[in-house]
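This is model-v9.txt. It holds compact mmCIF, C-alpha atoms.
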# COMPACT_ATOMS: atom_id res chain seq x y z
CA MET A 1 255.68 -188.08 12.89
CA LYS A 2 254.59 -190.40 15.68
CA GLN A 3 252.21 -187.79 17.08
CA GLY A 4 250.68 -187.32 13.62
CA VAL A 5 250.03 -191.05 13.28
CA GLU A 6 248.44 -191.18 16.75
CA TYR A 7 246.26 -188.18 15.93
CA TYR A 8 245.14 -189.84 12.69
CA MET A 9 244.32 -193.12 14.44
CA LEU A 10 242.37 -191.34 17.19
CA ASN A 11 240.27 -189.43 14.63
CA ARG A 12 239.62 -192.62 12.69
CA LEU A 13 238.60 -194.47 15.84
CA LYS A 14 236.34 -191.56 16.85
CA ARG A 15 234.60 -191.58 13.46
CA LYS A 16 234.13 -195.33 13.76
CA TYR A 17 232.43 -195.01 17.14
CA ASP A 18 230.30 -192.12 15.89
CA LEU A 19 229.12 -194.27 12.99
CA SER A 20 228.40 -197.24 15.25
CA GLY A 21 226.16 -195.03 17.40
CA TYR A 22 224.05 -194.09 14.39
CA LEU A 23 223.81 -197.76 13.41
CA PHE A 24 222.44 -198.60 16.86
CA ILE A 25 219.67 -196.00 16.66
CA ALA A 26 218.92 -196.65 12.97
CA PRO A 27 216.19 -199.32 13.55
CA ALA A 28 214.39 -197.07 16.04
CA MET A 29 214.71 -194.09 13.70
CA VAL A 30 213.33 -196.07 10.76
CA PHE A 31 210.36 -197.18 12.89
CA PHE A 32 209.77 -193.61 14.15
CA VAL A 33 209.94 -192.02 10.70
CA THR A 34 207.77 -194.72 9.08
CA PHE A 35 205.05 -195.13 11.67
CA VAL A 36 205.08 -191.81 13.58
CA LEU A 37 206.63 -188.89 11.70
CA TYR A 38 205.33 -189.71 8.20
CA PRO A 39 201.71 -190.37 9.35
CA MET A 40 201.77 -187.07 11.29
CA ILE A 41 202.93 -185.11 8.25
CA LYS A 42 200.52 -187.00 5.99
CA GLY A 43 197.64 -186.27 8.39
CA ILE A 44 198.40 -182.54 8.34
CA HIS A 45 198.59 -182.67 4.54
CA MET A 46 195.27 -184.52 4.24
CA SER A 47 193.55 -182.03 6.55
CA LEU A 48 194.02 -179.35 3.87
CA TYR A 49 192.03 -181.30 1.25
CA ARG A 50 188.44 -182.36 0.66
CA PHE A 51 188.04 -185.92 -0.61
CA ARG A 52 185.35 -187.05 -3.03
CA GLY A 53 186.15 -190.65 -3.88
CA ARG A 54 189.57 -190.55 -5.51
CA ARG A 55 189.36 -186.84 -6.18
CA GLN A 56 191.20 -184.41 -3.92
CA LEU A 57 190.36 -180.72 -3.78
CA PHE A 58 192.66 -178.33 -1.93
CA VAL A 59 190.56 -176.30 0.53
CA GLY A 60 193.26 -174.89 2.83
CA LEU A 61 191.97 -174.31 6.36
CA ASP A 62 188.33 -174.79 5.40
CA ASN A 63 188.09 -178.13 7.26
CA TYR A 64 189.34 -176.47 10.44
CA LEU A 65 186.94 -173.53 10.10
CA LYS A 66 183.98 -175.87 9.61
CA LEU A 67 184.86 -177.73 12.80
CA LEU A 68 184.44 -174.50 14.79
CA ASP A 69 180.73 -174.52 13.83
CA ASP A 70 180.30 -178.30 14.09
CA ARG A 71 178.13 -178.96 17.15
CA VAL A 72 178.94 -182.67 17.19
CA PHE A 73 182.69 -181.98 17.17
CA LEU A 74 182.40 -179.31 19.85
CA ARG A 75 180.35 -181.63 22.04
CA SER A 76 182.83 -184.46 21.48
CA MET A 77 185.69 -182.13 22.39
CA GLY A 78 183.81 -181.07 25.53
CA ASN A 79 183.24 -184.72 26.47
CA THR A 80 186.92 -185.48 25.93
CA MET A 81 188.02 -182.56 28.10
CA PHE A 82 185.54 -183.59 30.79
CA ILE A 83 186.81 -187.17 30.81
CA VAL A 84 190.43 -185.99 31.10
CA ALA A 85 189.61 -183.48 33.85
CA ILE A 86 187.84 -186.13 35.94
CA ALA A 87 189.90 -189.25 35.22
CA VAL A 88 193.48 -187.95 35.46
CA PRO A 89 193.34 -186.49 39.01
CA ILE A 90 191.45 -189.54 40.31
CA VAL A 91 193.94 -191.96 38.72
CA VAL A 92 196.94 -190.09 40.18
CA VAL A 93 195.49 -189.70 43.70
CA LEU A 94 193.94 -193.18 43.88
CA SER A 95 197.03 -194.98 42.55
CA LEU A 96 199.30 -193.08 44.96
CA PHE A 97 196.99 -193.87 47.90
CA ILE A 98 196.88 -197.56 47.01
CA ALA A 99 200.64 -197.71 46.42
CA ILE A 100 201.44 -196.16 49.80
CA ASN A 101 199.18 -198.65 51.59
CA ILE A 102 200.51 -201.62 49.62
CA TYR A 103 204.17 -200.67 50.01
CA ASN A 104 204.17 -201.15 53.79
CA LYS A 105 202.87 -204.73 53.51
CA SER A 106 204.96 -207.88 53.28
CA ALA A 107 206.58 -208.81 49.98
CA ALA A 108 204.05 -211.58 49.28
CA VAL A 109 201.04 -209.34 49.96
CA ARG A 110 202.60 -206.53 47.94
CA SER A 111 203.17 -208.82 44.95
CA PHE A 112 199.61 -210.16 45.17
CA PHE A 113 197.99 -206.72 45.11
CA ARG A 114 200.31 -205.50 42.36
CA GLY A 115 199.14 -208.39 40.21
CA VAL A 116 195.48 -207.76 41.06
CA PHE A 117 195.57 -204.07 40.19
CA TYR A 118 197.75 -204.55 37.11
CA LEU A 119 195.55 -207.30 35.65
CA PRO A 120 193.04 -204.91 33.98
CA ALA A 121 195.93 -203.06 32.30
CA VAL A 122 197.09 -206.22 30.49
CA SER A 123 193.65 -207.73 29.86
CA SER A 124 191.79 -207.48 26.57
CA VAL A 125 189.64 -204.37 26.26
CA VAL A 126 186.89 -206.50 24.74
CA SER A 127 186.77 -208.85 27.73
CA ILE A 128 186.77 -205.91 30.15
CA THR A 129 183.88 -204.22 28.35
CA VAL A 130 181.89 -207.47 28.33
CA VAL A 131 182.19 -207.64 32.13
CA TRP A 132 181.26 -203.98 32.59
CA LEU A 133 178.32 -204.25 30.18
CA TRP A 134 177.01 -207.04 32.38
CA ILE A 135 177.57 -204.93 35.52
CA TYR A 136 175.73 -201.97 33.96
CA ASN A 137 172.93 -204.04 32.43
CA PRO A 138 169.64 -202.35 33.44
CA ASP A 139 167.66 -205.60 33.76
CA PHE A 140 170.00 -208.13 35.40
CA GLY A 141 173.20 -206.17 36.10
CA ILE A 142 174.80 -206.55 39.52
CA LEU A 143 175.10 -202.78 40.03
CA ASN A 144 171.36 -202.18 39.90
CA TYR A 145 170.80 -205.27 42.08
CA VAL A 146 173.14 -204.01 44.80
CA LEU A 147 171.80 -200.46 44.73
CA LYS A 148 168.20 -201.65 44.89
CA SER A 149 169.05 -204.00 47.75
CA MET A 150 170.51 -201.05 49.65
CA HIS A 151 167.43 -198.94 48.75
CA ILE A 152 169.60 -196.33 47.03
CA VAL A 153 167.58 -196.54 43.79
CA ASP A 154 163.97 -197.62 43.35
CA GLY A 155 164.04 -199.03 39.84
CA ASN A 156 166.44 -200.16 37.14
CA VAL A 157 168.83 -197.43 36.00
CA GLN A 158 169.93 -197.20 32.36
CA TRP A 159 173.58 -196.45 33.16
CA LEU A 160 174.73 -196.43 29.52
CA GLY A 161 171.41 -195.46 27.96
CA ASN A 162 170.93 -192.26 29.94
CA SER A 163 172.73 -189.11 28.81
CA ALA A 164 173.14 -187.99 32.43
CA THR A 165 174.95 -191.13 33.61
CA ALA A 166 176.59 -192.64 30.51
CA ILE A 167 179.77 -190.55 30.52
CA TYR A 168 180.32 -191.18 34.25
CA ALA A 169 179.92 -194.91 33.66
CA ILE A 170 182.61 -194.71 30.97
CA ILE A 171 184.93 -192.74 33.28
CA VAL A 172 184.64 -195.42 35.97
CA VAL A 173 185.73 -198.10 33.51
CA LEU A 174 188.57 -195.90 32.24
CA ILE A 175 189.85 -195.35 35.78
CA THR A 176 189.83 -199.07 36.62
CA THR A 177 191.85 -199.85 33.49
CA SER A 178 194.29 -196.96 34.04
CA ILE A 179 195.46 -197.29 37.65
CA GLY A 180 197.42 -200.52 37.22
CA GLN A 181 200.63 -199.10 35.77
CA PRO A 182 200.70 -195.98 38.02
CA ILE A 183 200.44 -198.21 41.11
CA ILE A 184 203.42 -200.28 39.95
CA LEU A 185 205.43 -197.14 39.19
CA TYR A 186 204.59 -195.50 42.53
CA ILE A 187 205.56 -198.63 44.47
CA ALA A 188 208.91 -198.64 42.66
CA ALA A 189 209.36 -194.91 43.37
CA LEU A 190 208.56 -195.37 47.07
CA GLY A 191 211.31 -197.98 47.20
CA ASN A 192 213.81 -195.26 46.27
CA VAL A 193 212.83 -193.00 49.17
CA PRO A 194 215.61 -193.21 51.82
CA VAL A 195 214.28 -194.93 54.94
CA GLU A 196 216.74 -192.96 57.09
CA LEU A 197 215.00 -189.69 56.25
CA ILE A 198 211.60 -191.03 57.24
CA GLU A 199 212.90 -192.57 60.47
CA SER A 200 214.68 -189.33 61.40
CA ALA A 201 211.52 -187.34 60.77
CA LYS A 202 209.48 -189.71 62.98
CA ILE A 203 212.05 -189.37 65.78
CA ASP A 204 211.68 -185.58 65.50
CA GLY A 205 207.93 -185.95 65.96
CA ALA A 206 206.82 -185.32 62.36
CA THR A 207 203.31 -186.46 61.44
CA ASN A 208 202.58 -188.78 58.52
CA TRP A 209 201.26 -185.84 56.48
CA THR A 210 204.43 -183.81 57.16
CA ILE A 211 206.61 -186.75 56.15
CA PHE A 212 204.64 -187.21 52.95
CA LYS A 213 204.60 -183.51 52.04
CA ASN A 214 208.25 -182.73 52.79
CA ILE A 215 210.05 -186.03 52.08
CA ILE A 216 208.05 -188.52 50.02
CA TRP A 217 206.24 -186.18 47.63
CA PRO A 218 209.32 -184.22 46.42
CA LEU A 219 211.16 -187.49 45.72
CA ILE A 220 208.34 -189.05 43.68
CA ILE A 221 207.51 -185.97 41.58
CA PRO A 222 209.48 -187.32 38.54
CA THR A 223 207.32 -190.46 38.63
CA THR A 224 204.22 -188.32 39.08
CA LEU A 225 205.18 -186.26 36.02
CA TYR A 226 205.42 -189.38 33.88
CA ILE A 227 202.11 -190.73 35.23
CA VAL A 228 200.27 -187.43 34.73
CA VAL A 229 201.50 -187.00 31.14
CA THR A 230 200.85 -190.60 30.04
CA THR A 231 197.45 -190.76 31.75
CA THR A 232 196.45 -187.46 30.14
CA ILE A 233 197.44 -188.70 26.68
CA ASN A 234 195.65 -192.04 27.16
CA SER A 235 192.51 -190.29 28.41
CA PHE A 236 192.49 -187.94 25.41
CA GLN A 237 192.83 -190.95 23.11
CA ILE A 238 190.01 -192.99 24.64
CA PHE A 239 188.33 -194.87 21.82
CA ALA A 240 187.87 -198.62 22.37
CA LEU A 241 185.70 -198.26 25.48
CA ILE A 242 183.46 -195.76 23.68
CA GLN A 243 183.11 -197.88 20.57
CA LEU A 244 182.39 -201.12 22.42
CA MET A 245 180.12 -199.79 25.17
CA THR A 246 178.09 -196.86 23.79
CA ALA A 247 179.20 -196.10 20.21
CA GLY A 248 179.17 -192.43 21.17
CA GLY A 249 175.55 -192.48 22.33
CA PRO A 250 173.07 -191.71 23.52
CA ASN A 251 172.82 -188.68 21.25
CA TYR A 252 176.62 -188.15 21.28
CA ALA A 253 176.62 -187.90 25.09
CA THR A 254 179.75 -190.08 25.26
CA SER A 255 181.29 -189.25 21.89
CA THR A 256 184.96 -188.25 22.06
CA VAL A 257 187.24 -186.69 19.47
CA MET A 258 188.99 -190.01 18.79
CA TYR A 259 185.68 -191.78 18.27
CA LEU A 260 184.47 -188.96 16.02
CA VAL A 261 187.69 -189.25 13.97
CA TYR A 262 186.88 -192.94 13.46
CA GLU A 263 183.24 -192.23 12.61
CA THR A 264 184.09 -189.39 10.21
CA GLY A 265 187.06 -191.06 8.54
CA ILE A 266 186.01 -194.72 8.40
CA LYS A 267 182.21 -194.63 8.27
CA ILE A 268 181.56 -191.36 6.44
CA GLN A 269 184.95 -191.43 4.64
CA ASP A 270 185.49 -187.70 5.00
CA TYR A 271 189.26 -188.06 5.38
CA GLY A 272 190.04 -184.35 5.27
CA LYS A 273 187.71 -183.48 8.11
CA ALA A 274 188.82 -186.49 10.15
CA SER A 275 192.46 -185.51 9.67
CA ALA A 276 191.70 -181.95 10.81
CA MET A 277 190.12 -183.36 13.98
CA GLY A 278 193.21 -185.46 14.60
CA VAL A 279 195.53 -182.49 14.11
CA ILE A 280 193.53 -180.35 16.54
CA LEU A 281 193.53 -183.14 19.13
CA ALA A 282 197.29 -183.65 18.72
CA ALA A 283 197.91 -179.91 19.14
CA ILE A 284 195.83 -179.81 22.34
CA ILE A 285 197.64 -182.84 23.76
CA ALA A 286 201.01 -181.31 22.92
CA LEU A 287 200.06 -178.00 24.55
CA ILE A 288 198.76 -179.59 27.75
CA SER A 289 201.74 -181.96 27.99
CA THR A 290 204.12 -179.02 27.59
CA LEU A 291 202.38 -177.16 30.42
CA GLN A 292 202.53 -180.25 32.61
CA PHE A 293 206.27 -180.68 31.93
CA LYS A 294 206.91 -177.00 32.64
CA TYR A 295 204.98 -176.94 35.91
CA LEU A 296 206.10 -180.29 37.37
CA ASN A 297 209.69 -179.91 36.16
CA ARG A 298 209.85 -176.64 38.09
CA ASP A 299 208.91 -178.56 41.23
CA ILE A 300 211.59 -181.16 40.47
CA ASP A 301 214.25 -178.45 40.15

How does this structure look as structure tokens?
Amino acid sequence: MKQGVEYYMLNRLKRKYDLSGYLFIAPAMVFFVTFVLYPMIKGIHMSLYRFRGRRQLFVGLDNYLKLLDDRVFLRSMGNTMFIVAIAVPIVVVLSLFIAINIYNKSAAVRSFFRGVFYLPAVSSVVSITVVWLWIYNPDFGILNYVLKSMHIVDGNVQWLGNSATAIYAIIVVLITTSIGQPIILYIAALGNVPVELIESAKIDGATNWTIFKNIIWPLIIPTTLYIVVTTTINSFQIFALIQLMTAGGPNYATSTVMYLVYETGIKIQDYGKASAMGVILAAIIALISTLQFKYLNRDID
């Protein structure tokens, strides 16, 4: 009888704790379902329709098929891929290089440089673009002034008005606004590397490159995985810099998929086509992120 009562009380207590766990995650689940899951499902649903005012006509995969022949979309997708391919490796390598050099400094110097590099990450995108528009200004921008003083260029260069240079100018701004958080994360990761291992390797005559390759790099791969995935996603979703600096020009030379979604959905009000673009972009991001997890997780194991 006593054992039965104890068994009943244990089951009741277990159910109580199980319920309390669901109550703790309920606010996050409500937020996720309302602002993430439902918009995703709604976007997929809208991509199957053509909108004419308040009228909706089911067209199936027609919006997706039209995008395959849409030169503007294909160019925007190419620009997006190019930005990701250039920006992500540079952000990872540059932030790791800076973090390694900062980490060996004193605590005061380390804190100063962390604040300096992290400042663009927490600053307003509008204020950042205003500064860079002044730097790139063809008539009185400091970049042209410096390059002309060094006799690298002869005249004023239209950095944002030239199809050959505009996308590179955007990538430079993207990199400067993206390295702040990776530097902070790498500095924290370097703090978890056992000093004893590094000192032992130096005593054995290991070079700095050998120490980095065989000790430091394997221990910071989990941080690198997070940085690579988040930087890739942020680079695919670049929008504010494009809108504020070039508006996709000149002649769609800097247009990205996210900017084209805005232009198609908000300006043209073709919600079905814009939703199809968003679904394709989400699928590409998911595929690339999965490959990154698979490859880097294998190195972690």

Shortest interatomic distance to Pro250 of chain A - which of A:Val88, A:Ile198, A:Leu68, A:Ile167, counting only C-alpha atoms: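 Closest residue, counting only C-alpha atoms: A:Ile167.
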
Residues within 12 Å of (168.6, -204.6, 37.4), file coords, all atoms listed in the file, listed as a PyMOL selection string: chain A and resi 134-149+153-159

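Compared by their closest atoms to Ser124 of chain A, and using all atoms listed in the file, the residues A:Ser275, A:Thr177, A:Asn214, A:Ser106 rank with A:Thr177 nearest.
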
Per residue of segment 232-268 of chain A within 12 Å of segment 286-290 of chain A, record the nearest atom pair and its distance in Å to one decimal, counting all atoms listed in the file, with rows in chain order and ascending residue number, as a Markdown table.
| residue | atom | partner | partner_atom | distance |
| --- | --- | --- | --- | --- |
| A:Thr232 | CA | A:Ser289 | CA | 7.9 |
| A:Ile233 | CA | A:Ser289 | CA | 8.1 |
| A:Asn234 | CA | A:Ser289 | CA | 11.8 |
| A:Phe236 | CA | A:Ile288 | CA | 10.7 |

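Among A:Phe51, A:Trp217, A:Phe58, A:Phe82, the residue with the shortest atom-to-atom distance to Ser255 of chain A, counting all atoms listed in the file, is A:Phe82.
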
Selection: 10 Å around Ala99 of chain A, all atoms listed in the file, excl. self and same-chain fewer than 5 positions, as a PyMOL selection string: chain A and resi 93-94+104+110+113-114+182-190

d(atom CA of Gly115 of chain A, atom CA of Gly180 of chain A) in Å: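 It comes out at 8.6 Å.
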
All residues 10 Å or closer to Thr176 of chain A, only C-alpha atoms, same chain fewer than 6 positions away omitted, as a VMD selection string: chain A and resid 87 91 117 to 118 120 to 121 128

Residue with smallest distance to Pro222 of chain A - pool A:Leu65, A:Leu96, A:Leu296, A:Ala108, counting all atoms listed in the file: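 Residue with the minimum atom-to-atom distance to Pro222 of chain A: A:Leu296.
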
Minimum-distance residue to Asn79 of chain A, chosen among A:Ile203, A:Tyr49, A:Val257, A:Ala276 (using only C-alpha atoms):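 So, comparing all the options, the nearest one is A:Val257.
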
Residue neighbourhood Arg71 of chain A, 12 Å, all atoms listed in the file, exclusion window fewer than 5 positions, as a PyMOL selection string: chain A and resi 66+76-78+251-252+255+260

Go ahead and save the residues from that selection, with C-alpha atoms, as an mmCIF file, in the coordinates of the input.
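File produced: again36.cif:
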data_model
loop_
_atom_site.group_PDB
_atom_site.id
_atom_site.type_symbol
_atom_site.label_atom_id
_atom_site.label_comp_id
_atom_site.auth_asym_id
_atom_site.auth_seq_id
_atom_site.Cartn_x
_atom_site.Cartn_y
_atom_site.Cartn_z
ATOM 1 C CA LYS A 66 183.980 -175.870 9.610
ATOM 2 C CA SER A 76 182.830 -184.460 21.480
ATOM 3 C CA MET A 77 185.690 -182.130 22.390
ATOM 4 C CA GLY A 78 183.810 -181.070 25.530
ATOM 5 C CA ASN A 251 172.820 -188.680 21.250
ATOM 6 C CA TYR A 252 176.620 -188.150 21.280
ATOM 7 C CA SER A 255 181.290 -189.250 21.890
ATOM 8 C CA LEU A 260 184.470 -188.960 16.020
#

Residue nearest Pro218 of chain A - candidates A:Ser200, A:Ser235, A:Asn297, A:Thr264, atoms counted: only C-alpha atoms: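 Ranked by minimum distance to Pro218 of chain A, first place goes to A:Asn297.
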
Point-to-point distance in Å for atom CA of Val92 of chain A and atom CA of Ile216 of chain A: 14.9 Å

Point (192.1, -179.5, 4.5) neighbourhood (8 Å, only C-alpha atoms) written as a list of chain:residue names: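 Here the neighbourhood of the point contains A:Ile44, A:His45, A:Met46, A:Ser47, A:Leu48, A:Tyr49, A:Arg50, A:Phe58, A:Val59, A:Gly60, A:Leu61, A:Asp62, A:Asn63, A:Tyr64, A:Gly272, A:Lys273, A:Ser275, A:Ala276.
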
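Across the structure, atom CA of Met245 of chain A and atom CA of Phe73 of chain A are spaced 19.7 Å apart.
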
Emit a file covering segment 256-279 of chain A of the preceding structure with N, CA and C atoms, as a PDB file, in the first residue's frame.
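As written to disk, part13.pdb reads:
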ATOM      1  N   THR A 256      20.042  42.820 -55.016  1.00  0.00           N
ATOM      2  CA  THR A 256      20.092  41.493 -54.402  1.00  0.00           C
ATOM      3  C   THR A 256      18.680  40.924 -54.337  1.00  0.00           C
ATOM      4  N   VAL A 257      18.574  39.663 -53.972  1.00  0.00           N
ATOM      5  CA  VAL A 257      17.259  39.032 -53.924  1.00  0.00           C
ATOM      6  C   VAL A 257      16.373  39.719 -52.883  1.00  0.00           C
ATOM      7  N   MET A 258      16.943  40.045 -51.723  1.00  0.00           N
ATOM      8  CA  MET A 258      16.148  40.701 -50.685  1.00  0.00           C
ATOM      9  C   MET A 258      15.649  42.062 -51.150  1.00  0.00           C
ATOM     10  N   TYR A 259      16.507  42.817 -51.835  1.00  0.00           N
ATOM     11  CA  TYR A 259      16.059  44.113 -52.337  1.00  0.00           C
ATOM     12  C   TYR A 259      15.005  43.939 -53.413  1.00  0.00           C
ATOM     13  N   LEU A 260      15.153  42.919 -54.254  1.00  0.00           N
ATOM     14  CA  LEU A 260      14.173  42.676 -55.311  1.00  0.00           C
ATOM     15  C   LEU A 260      12.838  42.230 -54.721  1.00  0.00           C
ATOM     16  N   VAL A 261      12.870  41.482 -53.614  1.00  0.00           N
ATOM     17  CA  VAL A 261      11.631  41.113 -52.916  1.00  0.00           C
ATOM     18  C   VAL A 261      10.909  42.370 -52.461  1.00  0.00           C
ATOM     19  N   TYR A 262      11.657  43.309 -51.890  1.00  0.00           N
ATOM     20  CA  TYR A 262      11.071  44.585 -51.454  1.00  0.00           C
ATOM     21  C   TYR A 262      10.500  45.355 -52.641  1.00  0.00           C
ATOM     22  N   GLU A 263      11.277  45.440 -53.713  1.00  0.00           N
ATOM     23  CA  GLU A 263      10.836  46.206 -54.881  1.00  0.00           C
ATOM     24  C   GLU A 263       9.604  45.577 -55.530  1.00  0.00           C
ATOM     25  N   THR A 264       9.600  44.240 -55.625  1.00  0.00           N
ATOM     26  CA  THR A 264       8.481  43.550 -56.267  1.00  0.00           C
ATOM     27  C   THR A 264       7.241  43.549 -55.389  1.00  0.00           C
ATOM     28  N   GLY A 265       7.433  43.329 -54.083  1.00  0.00           N
ATOM     29  CA  GLY A 265       6.282  43.219 -53.186  1.00  0.00           C
ATOM     30  C   GLY A 265       5.707  44.549 -52.748  1.00  0.00           C
ATOM     31  N   ILE A 266       6.575  45.517 -52.425  1.00  0.00           N
ATOM     32  CA  ILE A 266       6.118  46.792 -51.876  1.00  0.00           C
ATOM     33  C   ILE A 266       5.846  47.816 -52.976  1.00  0.00           C
ATOM     34  N   LYS A 267       6.761  47.968 -53.914  1.00  0.00           N
ATOM     35  CA  LYS A 267       6.595  48.979 -54.955  1.00  0.00           C
ATOM     36  C   LYS A 267       5.643  48.521 -56.050  1.00  0.00           C
ATOM     37  N   ILE A 268       5.892  47.329 -56.590  1.00  0.00           N
ATOM     38  CA  ILE A 268       5.059  46.820 -57.690  1.00  0.00           C
ATOM     39  C   ILE A 268       3.806  46.128 -57.154  1.00  0.00           C
ATOM     40  N   GLN A 269       3.855  45.663 -55.913  1.00  0.00           N
ATOM     41  CA  GLN A 269       2.752  44.972 -55.246  1.00  0.00           C
ATOM     42  C   GLN A 269       2.383  43.651 -55.931  1.00  0.00           C
ATOM     43  N   ASP A 270       3.394  42.975 -56.433  1.00  0.00           N
ATOM     44  CA  ASP A 270       3.209  41.627 -56.966  1.00  0.00           C
ATOM     45  C   ASP A 270       3.603  40.644 -55.856  1.00  0.00           C
ATOM     46  N   TYR A 271       2.656  40.414 -54.937  1.00  0.00           N
ATOM     47  CA  TYR A 271       2.973  39.668 -53.716  1.00  0.00           C
ATOM     48  C   TYR A 271       3.304  38.202 -53.998  1.00  0.00           C
ATOM     49  N   GLY A 272       2.673  37.630 -54.984  1.00  0.00           N
ATOM     50  CA  GLY A 272       2.933  36.231 -55.310  1.00  0.00           C
ATOM     51  C   GLY A 272       4.358  36.017 -55.793  1.00  0.00           C
ATOM     52  N   LYS A 273       4.786  36.864 -56.691  1.00  0.00           N
ATOM     53  CA  LYS A 273       6.143  36.757 -57.225  1.00  0.00           C
ATOM     54  C   LYS A 273       7.179  37.058 -56.147  1.00  0.00           C
ATOM     55  N   ALA A 274       6.914  38.067 -55.338  1.00  0.00           N
ATOM     56  CA  ALA A 274       7.834  38.416 -54.252  1.00  0.00           C
ATOM     57  C   ALA A 274       7.945  37.271 -53.252  1.00  0.00           C
ATOM     58  N   SER A 275       6.818  36.634 -52.951  1.00  0.00           N
ATOM     59  CA  SER A 275       6.838  35.496 -52.022  1.00  0.00           C
ATOM     60  C   SER A 275       7.633  34.337 -52.598  1.00  0.00           C
ATOM     61  N   ALA A 276       7.494  34.099 -53.906  1.00  0.00           N
ATOM     62  CA  ALA A 276       8.268  33.031 -54.553  1.00  0.00           C
ATOM     63  C   ALA A 276       9.766  33.307 -54.460  1.00  0.00           C
ATOM     64  N   MET A 277      10.160  34.565 -54.638  1.00  0.00           N
ATOM     65  CA  MET A 277      11.568  34.928 -54.473  1.00  0.00           C
ATOM     66  C   MET A 277      12.046  34.636 -53.058  1.00  0.00           C
ATOM     67  N   GLY A 278      11.223  35.001 -52.084  1.00  0.00           N
ATOM     68  CA  GLY A 278      11.583  34.761 -50.687  1.00  0.00           C
ATOM     69  C   GLY A 278      11.719  33.282 -50.372  1.00  0.00           C
ATOM     70  N   VAL A 279      10.827  32.467 -50.921  1.00  0.00           N
ATOM     71  CA  VAL A 279      10.889  31.022 -50.686  1.00  0.00           C
ATOM     72  C   VAL A 279      12.157  30.431 -51.295  1.00  0.00           C
TER      73      VAL A 279
END
